[in-house]
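Visitor: What follows is a structure written as structure tokens; I'll ask about it next.
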Amino acid sequence: MAASSRVSSPGWLLAAHYCALLLALAGAGAARGHPPALSSAFYDASCPGAHDVVRRVIQDARVSDPRIPASLIRLHFHDCFVNGCDGSLLLDDDLPAIRTEKTVPANNNSARGFPVVDGIKRALENACPGIVSCADILALAAEISVEISGGPRWRVLLGRRDGTTTNVESANNLPSPFDPLDVLQQKFRNVNLDDTDLVALQGAHTFGKVQCQFTRENCTAGQPEGTLENLDQVTPNVFDNKYYGNLLHGQAQLPSDQVMLSDAAAPATTAPIVHRFATNQKDFFGNFVASMIKMGNIGPLTGKDGEIRKNCRRVNI
């Protein structure tokens with residue numbers, strides 16, 4: 001597969017074009033009587049302060065936990081890759097009906113930030129009860145987390161409703177830090193994401209931490225498996241393009257990151273995109289935004305499907 005041609009366009013233009021296309025499709029769908037698509041204006045009338053509420057809670061949490069922005073964006077990824085962006089990842093066990101996705105290998109003792117999501121939900125329920133879905137909280141939290149960490153900002157498309165089921169089987173097939181390139185590509189293709197999306201979204205590893213057991217070094221002598229390492233040793237708390245420079249120098253922490261350059265198929269697929277993003281942060285930012293919007297549009301529940309949970313950890317009774 002050749003490297004995606006999308007990288008040849010300016011990043012900001014890509015993001016604007018993709019958002020405009022989705023908005024046009026939303027209008028066309030509504031005109032034909034289909035369930036409403038997502039819209040950045042979805043809460044303008046019903047909960048106009050939603051974005052500010054989410055931002056305030058994240059800013060407060062970040063004071064004591066600098067990792068929280070990276071953790072929150074990861075929750076959005078892991079939610080959207082399973083059942084679409086429906087908030088299923090947030091559900092706790094409620095057997096026999098609900099088996100949580102939180103304990104699958106990709107999430108167990110790794111996915112974090114759930115109490116912050118709870119705090120956001122409580123604040124939104126106080127401000128506008130029963131209006132903002134947990135799935136949309138994750139989408140908003142991802143954008144805000146990137147922006148407050150020095151990355152791009154974008155108008156988040158909203159209007160998702162919350163799922164009432166989980167999918168543990170699918171969650172067991174989330175992208176792994178040990179996946180070879182062809183497996184990563186297939187997992188992304190399974191949700192209609194291409195090589196440019198893969199390289200751009202992996203760029204979220206430009207901030208946050210990882211347990212050493214998942215790194216290429218696999219912990220140094222005597223380190224407990226849960227020892228945390230910075231994903232980006234240069235600017236660990238900043239959202240920038242330094243991650244791609246790390247790849248060029250063979251210094252990616254995760255095996256699944258370095259394969260985008262080292263795999264035999266990389267020169268014809270992902271490697272040119274890595275080189276481009278390493279030398280042009282604006283291009284990375286624009287492509288990252290376009291890929292986030294695209295990912296956020298994976299299988300959303302809209303209209304009368306799903307529900308608006310009162311508690312993100314439980315389906316409504």
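Naming works like this for the structure tokens: A, B, ... for the chains as they're shown, residue 1 at the start of each chain, ligands 1 onward in shown order.
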Which neighbours of A:Leu184 fall inside 9 Å, counting only C-alpha atoms, when residues of the same chain fewer than 6 positions from it are skipped, and could you give them as a list in words?
Guide: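 Here the qualifying residues turn out to be Pro175, Ser176, Leu198 and Ser256 of chain A.
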Visitor: Those same residues - N, CA and C atoms - I'd like them written as a short mmCIF file (atom, residue, chain, number, x, y, z; two decimals), in the first residue's frame.
Guide:
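Saved the output as part33.cif:
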data_model
loop_
_atom_site.label_atom_id
_atom_site.label_comp_id
_atom_site.auth_asym_id
_atom_site.auth_seq_id
_atom_site.Cartn_x
_atom_site.Cartn_y
_atom_site.Cartn_z
N PRO A 175 -5.46 -2.05 19.55
CA PRO A 175 -4.04 -1.96 19.17
C PRO A 175 -3.13 -2.16 20.39
N SER A 176 -2.08 -2.93 20.18
CA SER A 176 -1.16 -3.29 21.26
C SER A 176 0.19 -2.63 21.04
N LEU A 198 -3.15 6.48 11.10
CA LEU A 198 -2.32 5.69 12.01
C LEU A 198 -1.13 6.50 12.51
N SER A 256 5.50 -0.59 18.94
CA SER A 256 4.49 -0.30 17.91
C SER A 256 4.66 1.09 17.31
#
Visitor: For A:Ser291, work out the shell of residues within 10 Å, counting only C-alpha atoms and skipping chain neighbours fewer than 3 positions away, then give it as a list in words.
Guide: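 Near A:Ser291, the qualifying residues are Leu14, Ala15, Tyr18, Leu193, Asp194, Thr196, Asp197, Leu198, Val199, Ala200, Leu201, Phe285, Gly286, Asn287, Phe288, Lys294, Met295, Gly296 and Asn297 of chain A.
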Visitor: Write down as a list in words the residues belonging to stretch 140-242 of chain A that are assigned strand (DSSP E or B) by DSSP computed on the backbone.
Guide: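 Put together, the selection reads Leu158, Arg161, Asp162, Lys209, Val210, Gln211, Leu228, Glu229 and Asn230 of chain A.
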Visitor: So how many Å separate atom CA of A:Gly151 and atom CA of A:Cys134, to one decimal?
Guide: 23.3 Å
Visitor: Quick one: everything within 12 Å of A:Ala266, counting only C-alpha atoms, minus sequence neighbours fewer than 5 positions away in the same chain. Send it as a list in words.
Guide: Met1, Ala2, Ala3, Pro180, Leu181, Asp182, Leu184, Gln185, Asp195, Val199, Asp257, Gln258, Val259, Met260, Leu261, Ala271, Pro272, Ile273, Val274 and His275 of chain A
Visitor: Convert the current residue selection to file output with all heavy atoms, as a compact mmCIF listing (two decimals), in the first residue's frame.
Guide:
# COMPACT_ATOMS: atom_id res chain seq x y z
N MET A 1 0.85 -1.19 0.00
CA MET A 1 0.00 0.00 0.00
C MET A 1 0.88 1.24 0.00
O MET A 1 1.79 1.37 0.80
CB MET A 1 -0.89 0.02 1.25
CG MET A 1 -1.86 1.19 1.29
SD MET A 1 -2.60 1.35 2.92
CE MET A 1 -3.25 -0.28 3.17
N ALA A 2 0.61 2.16 -0.88
CA ALA A 2 1.38 3.40 -0.93
C ALA A 2 0.99 4.31 0.21
O ALA A 2 -0.12 4.26 0.73
CB ALA A 2 1.15 4.10 -2.27
N ALA A 3 1.90 5.18 0.60
CA ALA A 3 1.59 6.15 1.66
C ALA A 3 0.42 7.00 1.21
O ALA A 3 0.30 7.38 0.06
CB ALA A 3 2.81 7.02 1.94
N PRO A 180 2.99 -5.72 15.29
CA PRO A 180 3.80 -5.36 14.12
C PRO A 180 3.01 -4.41 13.22
O PRO A 180 1.79 -4.24 13.40
CB PRO A 180 4.04 -6.71 13.43
CG PRO A 180 2.91 -7.57 13.88
CD PRO A 180 2.56 -7.11 15.27
N LEU A 181 3.67 -3.81 12.25
CA LEU A 181 3.04 -2.78 11.44
C LEU A 181 1.81 -3.29 10.70
O LEU A 181 0.78 -2.61 10.67
CB LEU A 181 4.05 -2.21 10.45
CG LEU A 181 3.52 -1.07 9.56
CD1 LEU A 181 3.04 0.11 10.40
CD2 LEU A 181 4.62 -0.61 8.59
N ASP A 182 1.89 -4.47 10.09
CA ASP A 182 0.75 -4.95 9.31
C ASP A 182 -0.49 -5.18 10.17
O ASP A 182 -1.61 -4.94 9.74
CB ASP A 182 1.11 -6.22 8.53
CG ASP A 182 1.48 -7.39 9.42
OD1 ASP A 182 2.02 -7.16 10.53
OD2 ASP A 182 1.24 -8.55 9.03
N LEU A 184 -1.15 -3.46 13.03
CA LEU A 184 -1.64 -2.12 13.34
C LEU A 184 -2.45 -1.56 12.18
O LEU A 184 -3.55 -1.01 12.37
CB LEU A 184 -0.47 -1.18 13.64
CG LEU A 184 0.19 -1.28 15.00
CD1 LEU A 184 1.43 -0.40 15.04
CD2 LEU A 184 -0.76 -0.90 16.12
N GLN A 185 -1.92 -1.69 10.98
CA GLN A 185 -2.61 -1.16 9.81
C GLN A 185 -3.98 -1.81 9.64
O GLN A 185 -4.97 -1.13 9.34
CB GLN A 185 -1.77 -1.38 8.55
CG GLN A 185 -0.53 -0.50 8.50
CD GLN A 185 0.39 -0.86 7.36
OE1 GLN A 185 0.69 -2.04 7.14
NE2 GLN A 185 0.83 0.14 6.60
N ASP A 195 -3.32 4.88 6.66
CA ASP A 195 -1.96 5.00 7.17
C ASP A 195 -1.67 6.39 7.74
O ASP A 195 -0.93 6.53 8.73
CB ASP A 195 -0.95 4.69 6.07
CG ASP A 195 -0.84 3.19 5.79
OD1 ASP A 195 -1.25 2.38 6.63
OD2 ASP A 195 -0.32 2.86 4.71
N VAL A 199 -0.38 7.09 11.59
CA VAL A 199 0.81 7.84 11.99
C VAL A 199 0.44 9.08 12.79
O VAL A 199 1.09 9.41 13.78
CB VAL A 199 1.64 8.22 10.75
CG1 VAL A 199 2.87 9.04 11.16
CG2 VAL A 199 2.09 6.97 9.99
N ASP A 257 5.45 1.94 17.94
CA ASP A 257 5.77 3.24 17.36
C ASP A 257 6.96 3.11 16.39
O ASP A 257 6.90 3.58 15.27
CB ASP A 257 6.10 4.25 18.46
CG ASP A 257 4.88 4.68 19.25
OD1 ASP A 257 3.76 4.51 18.74
OD2 ASP A 257 5.06 5.19 20.37
N GLN A 258 8.02 2.46 16.86
CA GLN A 258 9.22 2.39 16.04
C GLN A 258 9.00 1.60 14.74
O GLN A 258 9.68 1.86 13.74
CB GLN A 258 10.36 1.77 16.84
CG GLN A 258 11.74 2.02 16.24
CD GLN A 258 12.11 3.51 16.19
OE1 GLN A 258 11.97 4.23 17.18
NE2 GLN A 258 12.54 3.97 15.04
N VAL A 259 8.04 0.65 14.74
CA VAL A 259 7.81 -0.14 13.53
C VAL A 259 7.34 0.72 12.36
O VAL A 259 7.46 0.31 11.20
CB VAL A 259 6.79 -1.29 13.75
CG1 VAL A 259 7.34 -2.31 14.72
CG2 VAL A 259 5.43 -0.76 14.20
N MET A 260 6.84 1.92 12.65
CA MET A 260 6.40 2.78 11.54
C MET A 260 7.58 3.26 10.70
O MET A 260 7.40 3.80 9.61
CB MET A 260 5.60 3.97 12.09
CG MET A 260 4.29 3.57 12.75
SD MET A 260 3.20 4.95 13.11
CE MET A 260 4.17 5.89 14.28
N LEU A 261 8.80 3.05 11.22
CA LEU A 261 10.01 3.34 10.45
C LEU A 261 10.81 2.08 10.15
O LEU A 261 11.40 1.95 9.08
CB LEU A 261 10.92 4.31 11.21
CG LEU A 261 10.71 5.81 11.00
CD1 LEU A 261 11.77 6.58 11.78
CD2 LEU A 261 10.78 6.19 9.53
N ALA A 271 6.60 5.35 6.75
CA ALA A 271 7.84 6.11 6.97
C ALA A 271 7.84 7.50 6.35
O ALA A 271 8.27 8.47 7.00
CB ALA A 271 9.05 5.30 6.47
N PRO A 272 7.35 7.67 5.10
CA PRO A 272 7.33 9.03 4.55
C PRO A 272 6.48 10.00 5.36
O PRO A 272 6.79 11.19 5.44
CB PRO A 272 6.74 8.82 3.14
CG PRO A 272 7.02 7.40 2.81
CD PRO A 272 6.91 6.67 4.11
N ILE A 273 5.44 9.48 5.97
CA ILE A 273 4.56 10.33 6.78
C ILE A 273 5.27 10.72 8.07
O ILE A 273 5.20 11.88 8.52
CB ILE A 273 3.23 9.62 7.07
CG1 ILE A 273 2.60 9.09 5.79
CG2 ILE A 273 2.26 10.56 7.78
CD1 ILE A 273 1.42 8.16 6.01
N VAL A 274 5.98 9.77 8.67
CA VAL A 274 6.77 10.07 9.87
C VAL A 274 7.78 11.17 9.57
O VAL A 274 7.90 12.15 10.33
CB VAL A 274 7.49 8.81 10.38
CG1 VAL A 274 8.49 9.17 11.50
CG2 VAL A 274 6.50 7.77 10.89
N HIS A 275 8.51 11.06 8.46
CA HIS A 275 9.51 12.07 8.09
C HIS A 275 8.86 13.43 7.89
O HIS A 275 9.40 14.47 8.31
CB HIS A 275 10.24 11.64 6.81
CG HIS A 275 11.29 10.61 7.04
ND1 HIS A 275 12.58 10.93 7.40
CD2 HIS A 275 11.24 9.25 6.98
CE1 HIS A 275 13.29 9.82 7.54
NE2 HIS A 275 12.51 8.78 7.28
Visitor: Using only C-alpha atoms, which of A:Glu229, A:Asp240, A:Asp136, A:Glu125 sits nearest A:Ser88?
Guide: A:Asp136
Visitor: Go through A:Gln281, A:Thr166, A:Thr206, A:Gln186 one by one, measure the shortest atom-to-atom distance of each to A:Val104 using only C-alpha atoms, and give the residue with the smallest value.
Guide: A:Thr166
Visitor: Could you tell me which of A:Val168, A:Ala142, A:Ala268, A:Ala204 comes closest to A:Ile98 if we count only C-alpha atoms?
Guide: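 Smallest distance to A:Ile98 is found for A:Val168.
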Visitor: Residues within 10 Å of A:Gly299, please, as a PyMOL selection string. Count only C-alpha atoms; anything in the same chain fewer than 4 positions from it doesn't count.
Guide: chain A and resi 80-86+160+191+295
Visitor: Choose the residue, out of A:Ile308, A:Ile148, A:Leu91, A:Ile317, that has the smallest atom-to-atom separation from A:Asp79; count only C-alpha atoms.
Guide: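 Of the candidates, the smallest distance to A:Asp79 is held by A:Leu91.
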Visitor: Which one is closest to A:Asp263: A:Val183, A:Phe284, A:Asn109, A:Cys212? Count only C-alpha atoms.
Guide: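 Among the listed residues, the smallest separation from A:Asp263 belongs to A:Val183.
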Visitor: List the spatial neighbours of A:Leu90 as a PyMOL selection string - criterion: any atom at most 12 Å away, only C-alpha atoms, same-chain residues fewer than 5 positions off excluded.
Guide: chain A and resi 72+75-76+78-80+82+85+98-103+107+111-118+121+133-135+137-138+162-167+309+311-315
Visitor: Enter the distance from atom CA of A:Leu254 to atom CA of A:Pro177, in Å, rounded to one decimal.
Guide: 5.8 Å
